[in-house]
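Engineer: Take this structure first; my questions come after.
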Amino acid sequence: MDLPVIDLSDYLSTTATSDAQLSELCGVVSRSLRETGALLVKDPRCSAQDNDLFIDMMERYFQSPRDFKLLQERPHLHYQVGVTPEGVEVPRSLVDEEMQEKLRAMPEEYRPSSPKGPDCKWRYMWRELNAEPVIPEGFPKWKDTMDSWGYKMISAIEVVAEMAAIGFGLPKDAFTSLMKQGPHLLAPTGSDLQTHGREGTVFAGYHYDLNFLTIHGRSRFPGLNIWLRNGRKVEVKVPVGCLLIQTGKQIEWLTAGDCIAGMHEVVVTSRTTDAIKLASEQNRSLWRVSSTLFAHIASDAILKPLGHFAESPLASKYPPLCAGEFVEKELAVINLKGQSKES
């Protein structure tokens, strides 16, 4: 199944687009987020070259020796800045009994791969706000590259958030006003395909994202599976020059479950092994980098169903909750809160 591709320039240049066309475009955005938990966008402000520049730098970083990377580890800050080594982040499907029950009830062909333990991926957390950044030595363009990519990702998310609000029948700024001063997090992952490149290896076990919306540029190695609202499992193909957006738990809260947090996993598939073979032949890096940014609702904002969603029969499942407290609870479940690494 191909996800719809929305060209944001149609929305950004409102002079060239009629109200009826805009309304239709925003409807496509909200419908795709509701039915698939995902959306592909093209943003004229963010090119394929920007994505390549970012991935090139992150490949060079993740290829660095383990001891060098561990200098950027900050477990006492809940791994919310700097590097998170492989073997720390626990997929929710391993620890959430309610989720495990749902998985057992799934048809065999739609079931996710079963992780054996914590994710075998590294992650680098670069905060857009709220914390002193961690910069590795020997990367003079690190801050500029991180800030530039992060800024472009947030700009794209803000446009999608406006369009989604209109499509959901809410005021245009319903979501973006809550995102102001949010603890947005640029958090690229690195997975070592030379070590973990066997088909079936799970890099990120079946989970949802706890934030508002997640955005990534195209990875050089496929492997992302998403679950549609109807329970079908789909491998995502991101065209060159496109960005992938996925729904997180905070948008589910704000829409009283009309739009649910998208479940997904990253696994080595046959398409991944084909890409590994080609990269080896071309002497390219065998680290799978995801250029991911998590966009958040501001920590002091209250998560609750907005506008007409407050009248939904499901609204009582989403009681008012401070966004910051919600994030703390979720982090504790996946082992990123606190200093221990028991898993």
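As shown in the structure tokens, the chain order sets the letters A, B, ...; within each chain, residues go from 1, and ligands are also counted from 1 in the order they appear.
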Please return as a PDB file with all heavy atoms, in the first residue's frame: the residues of region 177-261 of chain A that backbone DSSP assigns to strand (DSSP E or B).

Structural biologist:
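Just written: selection31.pdb:
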ATOM      1  N   LEU A 185      12.678  16.811  20.140  1.00  0.00           N
ATOM      2  CA  LEU A 185      13.891  16.023  20.306  1.00  0.00           C
ATOM      3  C   LEU A 185      14.337  15.427  18.974  1.00  0.00           C
ATOM      4  O   LEU A 185      13.627  14.617  18.389  1.00  0.00           O
ATOM      5  CB  LEU A 185      13.594  14.902  21.309  1.00  0.00           C
ATOM      6  CG  LEU A 185      14.698  13.998  21.780  1.00  0.00           C
ATOM      7  CD1 LEU A 185      15.824  14.788  22.433  1.00  0.00           C
ATOM      8  CD2 LEU A 185      14.154  12.994  22.783  1.00  0.00           C
ATOM      9  N   LEU A 186      15.488  15.889  18.490  1.00  0.00           N
ATOM     10  CA  LEU A 186      16.098  15.282  17.314  1.00  0.00           C
ATOM     11  C   LEU A 186      16.842  14.047  17.808  1.00  0.00           C
ATOM     12  O   LEU A 186      17.721  14.153  18.652  1.00  0.00           O
ATOM     13  CB  LEU A 186      17.054  16.276  16.652  1.00  0.00           C
ATOM     14  CG  LEU A 186      17.766  15.824  15.380  1.00  0.00           C
ATOM     15  CD1 LEU A 186      16.781  15.417  14.296  1.00  0.00           C
ATOM     16  CD2 LEU A 186      18.685  16.928  14.860  1.00  0.00           C
ATOM     17  N   THR A 189      18.751   7.394  14.990  1.00  0.00           N
ATOM     18  CA  THR A 189      19.230   6.093  15.456  1.00  0.00           C
ATOM     19  C   THR A 189      20.301   5.579  14.510  1.00  0.00           C
ATOM     20  O   THR A 189      20.353   5.960  13.333  1.00  0.00           O
ATOM     21  CB  THR A 189      18.097   5.050  15.507  1.00  0.00           C
ATOM     22  OG1 THR A 189      17.601   4.854  14.179  1.00  0.00           O
ATOM     23  CG2 THR A 189      16.980   5.489  16.425  1.00  0.00           C
ATOM     24  N   GLY A 190      21.155   4.695  15.034  1.00  0.00           N
ATOM     25  CA  GLY A 190      22.173   4.032  14.223  1.00  0.00           C
ATOM     26  C   GLY A 190      22.153   2.548  14.518  1.00  0.00           C
ATOM     27  O   GLY A 190      22.265   2.135  15.675  1.00  0.00           O
ATOM     28  N   SER A 191      21.987   1.739  13.477  1.00  0.00           N
ATOM     29  CA  SER A 191      21.948   0.282  13.635  1.00  0.00           C
ATOM     30  C   SER A 191      23.050  -0.333  12.780  1.00  0.00           C
ATOM     31  O   SER A 191      23.133  -0.058  11.577  1.00  0.00           O
ATOM     32  CB  SER A 191      20.586  -0.260  13.197  1.00  0.00           C
ATOM     33  OG  SER A 191      19.547   0.396  13.908  1.00  0.00           O
ATOM     34  N   ASP A 192      23.891  -1.150  13.406  1.00  0.00           N
ATOM     35  CA  ASP A 192      25.071  -1.708  12.755  1.00  0.00           C
ATOM     36  C   ASP A 192      24.691  -2.953  11.948  1.00  0.00           C
ATOM     37  O   ASP A 192      24.533  -4.044  12.494  1.00  0.00           O
ATOM     38  CB  ASP A 192      26.108  -2.054  13.830  1.00  0.00           C
ATOM     39  CG  ASP A 192      27.410  -2.573  13.258  1.00  0.00           C
ATOM     40  OD1 ASP A 192      27.498  -2.722  12.021  1.00  0.00           O
ATOM     41  OD2 ASP A 192      28.337  -2.836  14.039  1.00  0.00           O
ATOM     42  N   VAL A 202      15.655  -7.629  14.926  1.00  0.00           N
ATOM     43  CA  VAL A 202      14.773  -6.519  15.322  1.00  0.00           C
ATOM     44  C   VAL A 202      15.619  -5.365  15.853  1.00  0.00           C
ATOM     45  O   VAL A 202      16.331  -5.514  16.845  1.00  0.00           O
ATOM     46  CB  VAL A 202      13.780  -6.977  16.417  1.00  0.00           C
ATOM     47  CG1 VAL A 202      12.839  -5.838  16.798  1.00  0.00           C
ATOM     48  CG2 VAL A 202      12.987  -8.186  15.948  1.00  0.00           C
ATOM     49  N   PHE A 203      15.549  -4.219  15.180  1.00  0.00           N
ATOM     50  CA  PHE A 203      16.272  -3.033  15.653  1.00  0.00           C
ATOM     51  C   PHE A 203      15.414  -2.191  16.594  1.00  0.00           C
ATOM     52  O   PHE A 203      15.921  -1.573  17.519  1.00  0.00           O
ATOM     53  CB  PHE A 203      16.734  -2.177  14.473  1.00  0.00           C
ATOM     54  CG  PHE A 203      17.934  -2.753  13.782  1.00  0.00           C
ATOM     55  CD1 PHE A 203      17.905  -3.041  12.433  1.00  0.00           C
ATOM     56  CD2 PHE A 203      19.089  -3.036  14.485  1.00  0.00           C
ATOM     57  CE1 PHE A 203      18.995  -3.590  11.790  1.00  0.00           C
ATOM     58  CE2 PHE A 203      20.193  -3.586  13.860  1.00  0.00           C
ATOM     59  CZ  PHE A 203      20.150  -3.857  12.514  1.00  0.00           C
ATOM     60  N   ALA A 204      14.137  -2.133  16.329  1.00  0.00           N
ATOM     61  CA  ALA A 204      13.213  -1.410  17.208  1.00  0.00           C
ATOM     62  C   ALA A 204      11.949  -2.254  17.285  1.00  0.00           C
ATOM     63  O   ALA A 204      11.206  -2.364  16.306  1.00  0.00           O
ATOM     64  CB  ALA A 204      12.902  -0.021  16.652  1.00  0.00           C
ATOM     65  N   GLY A 205      11.742  -2.896  18.449  1.00  0.00           N
ATOM     66  CA  GLY A 205      10.587  -3.770  18.622  1.00  0.00           C
ATOM     67  C   GLY A 205       9.280  -3.002  18.542  1.00  0.00           C
ATOM     68  O   GLY A 205       9.239  -1.783  18.735  1.00  0.00           O
ATOM     69  N   TYR A 206       8.215  -3.709  18.253  1.00  0.00           N
ATOM     70  CA  TYR A 206       6.849  -3.178  18.099  1.00  0.00           C
ATOM     71  C   TYR A 206       6.527  -2.184  19.221  1.00  0.00           C
ATOM     72  O   TYR A 206       6.575  -2.520  20.401  1.00  0.00           O
ATOM     73  CB  TYR A 206       5.905  -4.372  18.149  1.00  0.00           C
ATOM     74  CG  TYR A 206       4.442  -4.103  17.955  1.00  0.00           C
ATOM     75  CD1 TYR A 206       3.918  -3.880  16.694  1.00  0.00           C
ATOM     76  CD2 TYR A 206       3.563  -4.136  19.042  1.00  0.00           C
ATOM     77  CE1 TYR A 206       2.551  -3.689  16.515  1.00  0.00           C
ATOM     78  CE2 TYR A 206       2.200  -3.945  18.874  1.00  0.00           C
ATOM     79  CZ  TYR A 206       1.702  -3.718  17.606  1.00  0.00           C
ATOM     80  OH  TYR A 206       0.349  -3.529  17.437  1.00  0.00           O
ATOM     81  N   HIS A 207       6.201  -0.941  18.830  1.00  0.00           N
ATOM     82  CA  HIS A 207       5.947   0.098  19.831  1.00  0.00           C
ATOM     83  C   HIS A 207       5.197   1.261  19.185  1.00  0.00           C
ATOM     84  O   HIS A 207       5.068   1.339  17.974  1.00  0.00           O
ATOM     85  CB  HIS A 207       7.273   0.623  20.413  1.00  0.00           C
ATOM     86  CG  HIS A 207       8.107   1.393  19.422  1.00  0.00           C
ATOM     87  ND1 HIS A 207       8.779   0.782  18.381  1.00  0.00           N
ATOM     88  CD2 HIS A 207       8.363   2.725  19.285  1.00  0.00           C
ATOM     89  CE1 HIS A 207       9.418   1.687  17.659  1.00  0.00           C
ATOM     90  NE2 HIS A 207       9.174   2.884  18.178  1.00  0.00           N
ATOM     91  N   LEU A 213       3.852  14.129  17.154  1.00  0.00           N
ATOM     92  CA  LEU A 213       4.093  13.587  15.815  1.00  0.00           C
ATOM     93  C   LEU A 213       5.589  13.323  15.668  1.00  0.00           C
ATOM     94  O   LEU A 213       6.414  14.066  16.206  1.00  0.00           O
ATOM     95  CB  LEU A 213       3.661  14.580  14.725  1.00  0.00           C
ATOM     96  CG  LEU A 213       2.151  14.825  14.533  1.00  0.00           C
ATOM     97  CD1 LEU A 213       1.928  15.963  13.532  1.00  0.00           C
ATOM     98  CD2 LEU A 213       1.413  13.571  14.069  1.00  0.00           C
ATOM     99  N   THR A 214       5.942  12.285  14.922  1.00  0.00           N
ATOM    100  CA  THR A 214       7.342  11.940  14.647  1.00  0.00           C
ATOM    101  C   THR A 214       7.591  12.133  13.160  1.00  0.00           C
ATOM    102  O   THR A 214       6.724  11.821  12.341  1.00  0.00           O
ATOM    103  CB  THR A 214       7.611  10.468  15.026  1.00  0.00           C
ATOM    104  OG1 THR A 214       7.312  10.292  16.413  1.00  0.00           O
ATOM    105  CG2 THR A 214       9.056  10.085  14.776  1.00  0.00           C
ATOM    106  N   ILE A 215       8.775  12.636  12.809  1.00  0.00           N
ATOM    107  CA  ILE A 215       9.109  12.855  11.406  1.00  0.00           C
ATOM    108  C   ILE A 215      10.501  12.308  11.114  1.00  0.00           C
ATOM    109  O   ILE A 215      11.402  12.406  11.957  1.00  0.00           O
ATOM    110  CB  ILE A 215       9.001  14.366  11.050  1.00  0.00           C
ATOM    111  CG1 ILE A 215       9.275  14.610   9.566  1.00  0.00           C
ATOM    112  CG2 ILE A 215       9.904  15.233  11.922  1.00  0.00           C
ATOM    113  CD1 ILE A 215       8.873  16.013   9.088  1.00  0.00           C
ATOM    114  N   HIS A 216      10.659  11.677   9.953  1.00  0.00           N
ATOM    115  CA  HIS A 216      11.975  11.177   9.537  1.00  0.00           C
ATOM    116  C   HIS A 216      12.193  11.518   8.066  1.00  0.00           C
ATOM    117  O   HIS A 216      11.255  11.533   7.278  1.00  0.00           O
ATOM    118  CB  HIS A 216      12.099   9.637   9.579  1.00  0.00           C
ATOM    119  CG  HIS A 216      11.273   8.925  10.575  1.00  0.00           C
ATOM    120  ND1 HIS A 216      11.813   8.334  11.692  1.00  0.00           N
ATOM    121  CD2 HIS A 216       9.948   8.646  10.627  1.00  0.00           C
ATOM    122  CE1 HIS A 216      10.864   7.726  12.377  1.00  0.00           C
ATOM    123  NE2 HIS A 216       9.720   7.902  11.758  1.00  0.00           N
ATOM    124  N   LEU A 224      11.233  -0.437   7.923  1.00  0.00           N
ATOM    125  CA  LEU A 224      10.169   0.050   8.804  1.00  0.00           C
ATOM    126  C   LEU A 224       8.829  -0.562   8.410  1.00  0.00           C
ATOM    127  O   LEU A 224       8.394  -0.446   7.270  1.00  0.00           O
ATOM    128  CB  LEU A 224      10.075   1.580   8.721  1.00  0.00           C
ATOM    129  CG  LEU A 224       8.920   2.232   9.491  1.00  0.00           C
ATOM    130  CD1 LEU A 224       9.097   2.072  11.005  1.00  0.00           C
ATOM    131  CD2 LEU A 224       8.785   3.712   9.135  1.00  0.00           C
ATOM    132  N   ASN A 225       8.186  -1.235   9.381  1.00  0.00           N
ATOM    133  CA  ASN A 225       6.818  -1.743   9.200  1.00  0.00           C
ATOM    134  C   ASN A 225       5.876  -0.919  10.069  1.00  0.00           C
ATOM    135  O   ASN A 225       6.211  -0.600  11.211  1.00  0.00           O
ATOM    136  CB  ASN A 225       6.712  -3.209   9.639  1.00  0.00           C
ATOM    137  CG  ASN A 225       7.500  -4.143   8.745  1.00  0.00           C
ATOM    138  OD1 ASN A 225       7.527  -3.987   7.534  1.00  0.00           O
ATOM    139  ND2 ASN A 225       8.160  -5.130   9.352  1.00  0.00           N
ATOM    140  N   ILE A 226       4.699  -0.577   9.525  1.00  0.00           N
ATOM    141  CA  ILE A 226       3.681   0.104  10.326  1.00  0.00           C
ATOM    142  C   ILE A 226       2.407  -0.740  10.317  1.00  0.00           C
ATOM    143  O   ILE A 226       2.222  -1.597   9.447  1.00  0.00           O
ATOM    144  CB  ILE A 226       3.374   1.528   9.809  1.00  0.00           C
ATOM    145  CG1 ILE A 226       2.737   1.482   8.395  1.00  0.00           C
ATOM    146  CG2 ILE A 226       4.610   2.400   9.827  1.00  0.00           C
ATOM    147  CD1 ILE A 226       2.193   2.823   7.931  1.00  0.00           C
ATOM    148  N   TRP A 227       1.557  -0.499  11.315  1.00  0.00           N
ATOM    149  CA  TRP A 227       0.254  -1.182  11.398  1.00  0.00           C
ATOM    150  C   TRP A 227      -0.841  -0.165  11.156  1.00  0.00           C
ATOM    151  O   TRP A 227      -0.891   0.882  11.830  1.00  0.00           O
ATOM    152  CB  TRP A 227       0.082  -1.848  12.766  1.00  0.00           C
ATOM    153  CG  TRP A 227       0.703  -3.199  12.818  1.00  0.00           C
ATOM    154  CD1 TRP A 227       0.073  -4.408  12.706  1.00  0.00           C
ATOM    155  CD2 TRP A 227       2.105  -3.505  12.942  1.00  0.00           C
ATOM    156  NE1 TRP A 227       0.992  -5.427  12.758  1.00  0.00           N
ATOM    157  CE2 TRP A 227       2.238  -4.917  12.898  1.00  0.00           C
ATOM    158  CE3 TRP A 227       3.263  -2.733  13.076  1.00  0.00           C
ATOM    159  CZ2 TRP A 227       3.474  -5.553  13.003  1.00  0.00           C
ATOM    160  CZ3 TRP A 227       4.493  -3.347  13.168  1.00  0.00           C
ATOM    161  CH2 TRP A 227       4.592  -4.752  13.126  1.00  0.00           C
ATOM    162  N   LYS A 233      -0.490  -5.055   8.567  1.00  0.00           N
ATOM    163  CA  LYS A 233       0.929  -4.692   8.679  1.00  0.00           C
ATOM    164  C   LYS A 233       1.436  -4.311   7.281  1.00  0.00           C
ATOM    165  O   LYS A 233       1.186  -5.030   6.310  1.00  0.00           O
ATOM    166  CB  LYS A 233       1.699  -5.909   9.216  1.00  0.00           C
ATOM    167  CG  LYS A 233       3.197  -5.778   9.276  1.00  0.00           C
ATOM    168  CD  LYS A 233       3.766  -7.107   9.781  1.00  0.00           C
ATOM    169  CE  LYS A 233       5.267  -7.143   9.779  1.00  0.00           C
ATOM    170  NZ  LYS A 233       5.765  -8.432  10.311  1.00  0.00           N
ATOM    171  N   VAL A 234       2.139  -3.174   7.187  1.00  0.00           N
ATOM    172  CA  VAL A 234       2.587  -2.668   5.887  1.00  0.00           C
ATOM    173  C   VAL A 234       4.040  -2.228   5.981  1.00  0.00           C
ATOM    174  O   VAL A 234       4.415  -1.522   6.922  1.00  0.00           O
ATOM    175  CB  VAL A 234       1.717  -1.443   5.461  1.00  0.00           C
ATOM    176  CG1 VAL A 234       2.240  -0.827   4.174  1.00  0.00           C
ATOM    177  CG2 VAL A 234       0.258  -1.834   5.311  1.00  0.00           C
ATOM    178  N   GLU A 235       4.869  -2.646   5.011  1.00  0.00           N
ATOM    179  CA  GLU A 235       6.247  -2.145   4.955  1.00  0.00           C
ATOM    180  C   GLU A 235       6.236  -0.780   4.262  1.00  0.00           C
ATOM    181  O   GLU A 235       5.646  -0.628   3.191  1.00  0.00           O
ATOM    182  CB  GLU A 235       7.158  -3.117   4.190  1.00  0.00           C
ATOM    183  CG  GLU A 235       8.621  -2.699   4.271  1.00  0.00           C
ATOM    184  CD  GLU A 235       9.595  -3.731   3.701  1.00  0.00           C
ATOM    185  OE1 GLU A 235       9.157  -4.795   3.240  1.00  0.00           O
ATOM    186  OE2 GLU A 235      10.800  -3.446   3.734  1.00  0.00           O
ATOM    187  N   LEU A 243       9.454  13.023   3.249  1.00  0.00           N
ATOM    188  CA  LEU A 243       9.573  12.865   4.706  1.00  0.00           C
ATOM    189  C   LEU A 243       8.402  12.014   5.176  1.00  0.00           C
ATOM    190  O   LEU A 243       7.283  12.134   4.656  1.00  0.00           O
ATOM    191  CB  LEU A 243       9.515  14.233   5.391  1.00  0.00           C
ATOM    192  CG  LEU A 243      10.541  15.269   4.933  1.00  0.00           C
ATOM    193  CD1 LEU A 243      10.150  16.664   5.418  1.00  0.00           C
ATOM    194  CD2 LEU A 243      11.937  14.907   5.428  1.00  0.00           C
ATOM    195  N   LEU A 244       8.648  11.167   6.157  1.00  0.00           N
ATOM    196  CA  LEU A 244       7.595  10.318   6.715  1.00  0.00           C
ATOM    197  C   LEU A 244       7.161  10.882   8.062  1.00  0.00           C
ATOM    198  O   LEU A 244       8.000  11.195   8.909  1.00  0.00           O
ATOM    199  CB  LEU A 244       8.113   8.890   6.907  1.00  0.00           C
ATOM    200  CG  LEU A 244       7.169   7.931   7.640  1.00  0.00           C
ATOM    201  CD1 LEU A 244       5.951   7.598   6.784  1.00  0.00           C
ATOM    202  CD2 LEU A 244       7.893   6.650   8.046  1.00  0.00           C
ATOM    203  N   ILE A 245       5.859  11.019   8.246  1.00  0.00           N
ATOM    204  CA  ILE A 245       5.307  11.502   9.516  1.00  0.00           C
ATOM    205  C   ILE A 245       4.456  10.403  10.129  1.00  0.00           C
ATOM    206  O   ILE A 245       3.697   9.722   9.423  1.00  0.00           O
ATOM    207  CB  ILE A 245       4.495  12.787   9.298  1.00  0.00           C
ATOM    208  CG1 ILE A 245       5.478  13.914   8.950  1.00  0.00           C
ATOM    209  CG2 ILE A 245       3.663  13.159  10.529  1.00  0.00           C
ATOM    210  CD1 ILE A 245       4.881  15.216   8.617  1.00  0.00           C
ATOM    211  N   GLN A 246       4.608  10.198  11.462  1.00  0.00           N
ATOM    212  CA  GLN A 246       3.832   9.183  12.170  1.00  0.00           C
ATOM    213  C   GLN A 246       3.155   9.787  13.402  1.00  0.00           C
ATOM    214  O   GLN A 246       3.694  10.693  14.038  1.00  0.00           O
ATOM    215  CB  GLN A 246       4.749   8.032  12.607  1.00  0.00           C
ATOM    216  CG  GLN A 246       5.290   7.226  11.443  1.00  0.00           C
ATOM    217  CD  GLN A 246       6.293   6.184  11.906  1.00  0.00           C
ATOM    218  OE1 GLN A 246       7.481   6.466  12.039  1.00  0.00           O
ATOM    219  NE2 GLN A 246       5.826   4.973  12.160  1.00  0.00           N
ATOM    220  N   THR A 247       1.996   9.248  13.727  1.00  0.00           N
ATOM    221  CA  THR A 247       1.231   9.751  14.872  1.00  0.00           C
ATOM    222  C   THR A 247       1.783   9.184  16.183  1.00  0.00           C
ATOM    223  O   THR A 247       2.137   8.012  16.256  1.00  0.00           O
ATOM    224  CB  THR A 247      -0.249   9.353  14.749  1.00  0.00           C
ATOM    225  OG1 THR A 247      -0.325   7.940  14.516  1.00  0.00           O
ATOM    226  CG2 THR A 247      -0.919  10.076  13.606  1.00  0.00           C
TER     227      THR A 247
END

Engineer: Counting only C-alpha atoms, what is within 12 Å of Trp126 (chain A), bar same-chain residues fewer than 3 positions away, as a ChimeraX atom specification?

Structural biologist: /A:72,74,79-84,123,129-136,142-151,183-189,291-294

Engineer: Within 8 Å of region 31-51 of chain A, which residues of region 167-286 of chain A show up? Give each one with its shortest atom-to-atom distance in Å (one decimal) and the two atoms involved, counting only C-alpha atoms, rows by chain then rising residue number, as CSV.

Structural biologist:
residue,atom,partner,partner_atom,distance
A:Gly167,CA,A:Arg31,CA,7.7
A:Gly217,CA,A:Asn51,CA,6.0
A:Arg218,CA,A:Asn51,CA,7.4
A:Trp227,CA,A:Thr36,CA,7.2
A:Leu228,CA,A:Thr36,CA,4.4
A:Arg229,CA,A:Glu35,CA,5.4
A:Asn230,CA,A:Glu35,CA,7.7
A:Val238,CA,A:Leu40,CA,7.4
A:Val240,CA,A:Ala48,CA,6.6
A:Gly241,CA,A:Ala48,CA,4.5
A:Cys242,CA,A:Lys42,CA,4.9
A:Leu243,CA,A:Val41,CA,5.2
A:Leu244,CA,A:Leu40,CA,4.7
A:Ile245,CA,A:Leu39,CA,5.1
A:Gln246,CA,A:Ala38,CA,4.3
A:Thr247,CA,A:Gly37,CA,5.2
A:Asp258,CA,A:Arg34,CA,6.6
A:Cys259,CA,A:Arg34,CA,4.4
A:Ile260,CA,A:Arg34,CA,6.8
A:Ala261,CA,A:Gly37,CA,6.5
A:Gly262,CA,A:Gly37,CA,4.6
A:Met263,CA,A:Gly37,CA,7.9

Engineer: What separation in Å, quoted to one decimal, exists between CA of Gln63 (chain A) and CA of Leu94 (chain A)?

Structural biologist: 28.3 Å

Engineer: Can you pull out the residues contacting Phe62 (chain A)? Cut-off 8 Å, using only C-alpha atoms, and skip same-chain residues under 4 positions away; I want them as a PDB file with all heavy atoms, in the first residue's frame.

Structural biologist:
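As written to disk, out.pdb reads:
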ATOM      1  N   MET A  58      25.951  11.433  10.574  1.00  0.00           N
ATOM      2  CA  MET A  58      25.577  10.453  11.590  1.00  0.00           C
ATOM      3  C   MET A  58      26.202   9.089  11.318  1.00  0.00           C
ATOM      4  O   MET A  58      26.559   8.361  12.247  1.00  0.00           O
ATOM      5  CB  MET A  58      24.054  10.334  11.699  1.00  0.00           C
ATOM      6  CG  MET A  58      23.333  11.566  12.237  1.00  0.00           C
ATOM      7  SD  MET A  58      24.081  12.314  13.722  1.00  0.00           S
ATOM      8  CE  MET A  58      24.057  10.959  14.894  1.00  0.00           C
ATOM      9  N   LYS A  69      32.035   6.727  21.551  1.00  0.00           N
ATOM     10  CA  LYS A  69      30.608   7.079  21.629  1.00  0.00           C
ATOM     11  C   LYS A  69      30.125   7.133  23.079  1.00  0.00           C
ATOM     12  O   LYS A  69      29.285   7.969  23.436  1.00  0.00           O
ATOM     13  CB  LYS A  69      29.768   6.071  20.829  1.00  0.00           C
ATOM     14  CG  LYS A  69      29.929   6.226  19.323  1.00  0.00           C
ATOM     15  CD  LYS A  69      29.030   5.306  18.534  1.00  0.00           C
ATOM     16  CE  LYS A  69      29.415   3.862  18.655  1.00  0.00           C
ATOM     17  NZ  LYS A  69      29.108   3.047  17.493  1.00  0.00           N
ATOM     18  N   TRP A 122      21.602   2.028  18.437  1.00  0.00           N
ATOM     19  CA  TRP A 122      22.086   3.202  19.167  1.00  0.00           C
ATOM     20  C   TRP A 122      21.169   4.373  18.825  1.00  0.00           C
ATOM     21  O   TRP A 122      20.509   4.373  17.791  1.00  0.00           O
ATOM     22  CB  TRP A 122      23.506   3.552  18.721  1.00  0.00           C
ATOM     23  CG  TRP A 122      24.561   2.569  19.131  1.00  0.00           C
ATOM     24  CD1 TRP A 122      24.743   1.309  18.629  1.00  0.00           C
ATOM     25  CD2 TRP A 122      25.589   2.758  20.112  1.00  0.00           C
ATOM     26  NE1 TRP A 122      25.815   0.698  19.239  1.00  0.00           N
ATOM     27  CE2 TRP A 122      26.362   1.578  20.145  1.00  0.00           C
ATOM     28  CE3 TRP A 122      25.942   3.816  20.955  1.00  0.00           C
ATOM     29  CZ2 TRP A 122      27.456   1.419  20.992  1.00  0.00           C
ATOM     30  CZ3 TRP A 122      27.032   3.664  21.798  1.00  0.00           C
ATOM     31  CH2 TRP A 122      27.778   2.482  21.827  1.00  0.00           C
ATOM     32  N   GLY A 190      21.155   4.695  15.034  1.00  0.00           N
ATOM     33  CA  GLY A 190      22.173   4.032  14.223  1.00  0.00           C
ATOM     34  C   GLY A 190      22.153   2.548  14.518  1.00  0.00           C
ATOM     35  O   GLY A 190      22.265   2.135  15.675  1.00  0.00           O
ATOM     36  N   TRP A 287      25.899   1.273   8.345  1.00  0.00           N
ATOM     37  CA  TRP A 287      25.085   1.708   9.488  1.00  0.00           C
ATOM     38  C   TRP A 287      23.760   2.237   8.940  1.00  0.00           C
ATOM     39  O   TRP A 287      23.739   3.086   8.049  1.00  0.00           O
ATOM     40  CB  TRP A 287      25.798   2.791  10.287  1.00  0.00           C
ATOM     41  CG  TRP A 287      26.782   2.213  11.263  1.00  0.00           C
ATOM     42  CD1 TRP A 287      28.059   1.820  10.992  1.00  0.00           C
ATOM     43  CD2 TRP A 287      26.552   1.950  12.654  1.00  0.00           C
ATOM     44  NE1 TRP A 287      28.648   1.323  12.134  1.00  0.00           N
ATOM     45  CE2 TRP A 287      27.750   1.392  13.174  1.00  0.00           C
ATOM     46  CE3 TRP A 287      25.460   2.126  13.517  1.00  0.00           C
ATOM     47  CZ2 TRP A 287      27.883   1.018  14.514  1.00  0.00           C
ATOM     48  CZ3 TRP A 287      25.597   1.752  14.851  1.00  0.00           C
ATOM     49  CH2 TRP A 287      26.791   1.204  15.333  1.00  0.00           C
TER      50      TRP A 287
END

Engineer: Quick one: pick out all helix (DSSP H, G or I) residues within region 22-61 of chain A from a backbone DSSP run and write them as a ChimeraX atom specification.

Structural biologist: /A:22-36,48-61

Engineer: Report, in Å with one decimal, the straight-line distance from CA of Arg198 (chain A) to CA of Thr273 (chain A).

Structural biologist: 7.5 Å

Engineer: Expressed in Å to a single decimal, how great is the separation between CA of Asp209 (chain A) and CA of Ile251 (chain A)?

Structural biologist: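 Between these atoms lies a distance of 10.4 Å.
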
Engineer: Nearest to Ala323 (chain A) among A:Ala279, A:Leu286, A:Met179, A:Met125, with distances taken over only C-alpha atoms: which residue is it?

Structural biologist: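 Closest residue, counting only C-alpha atoms: A:Met179.
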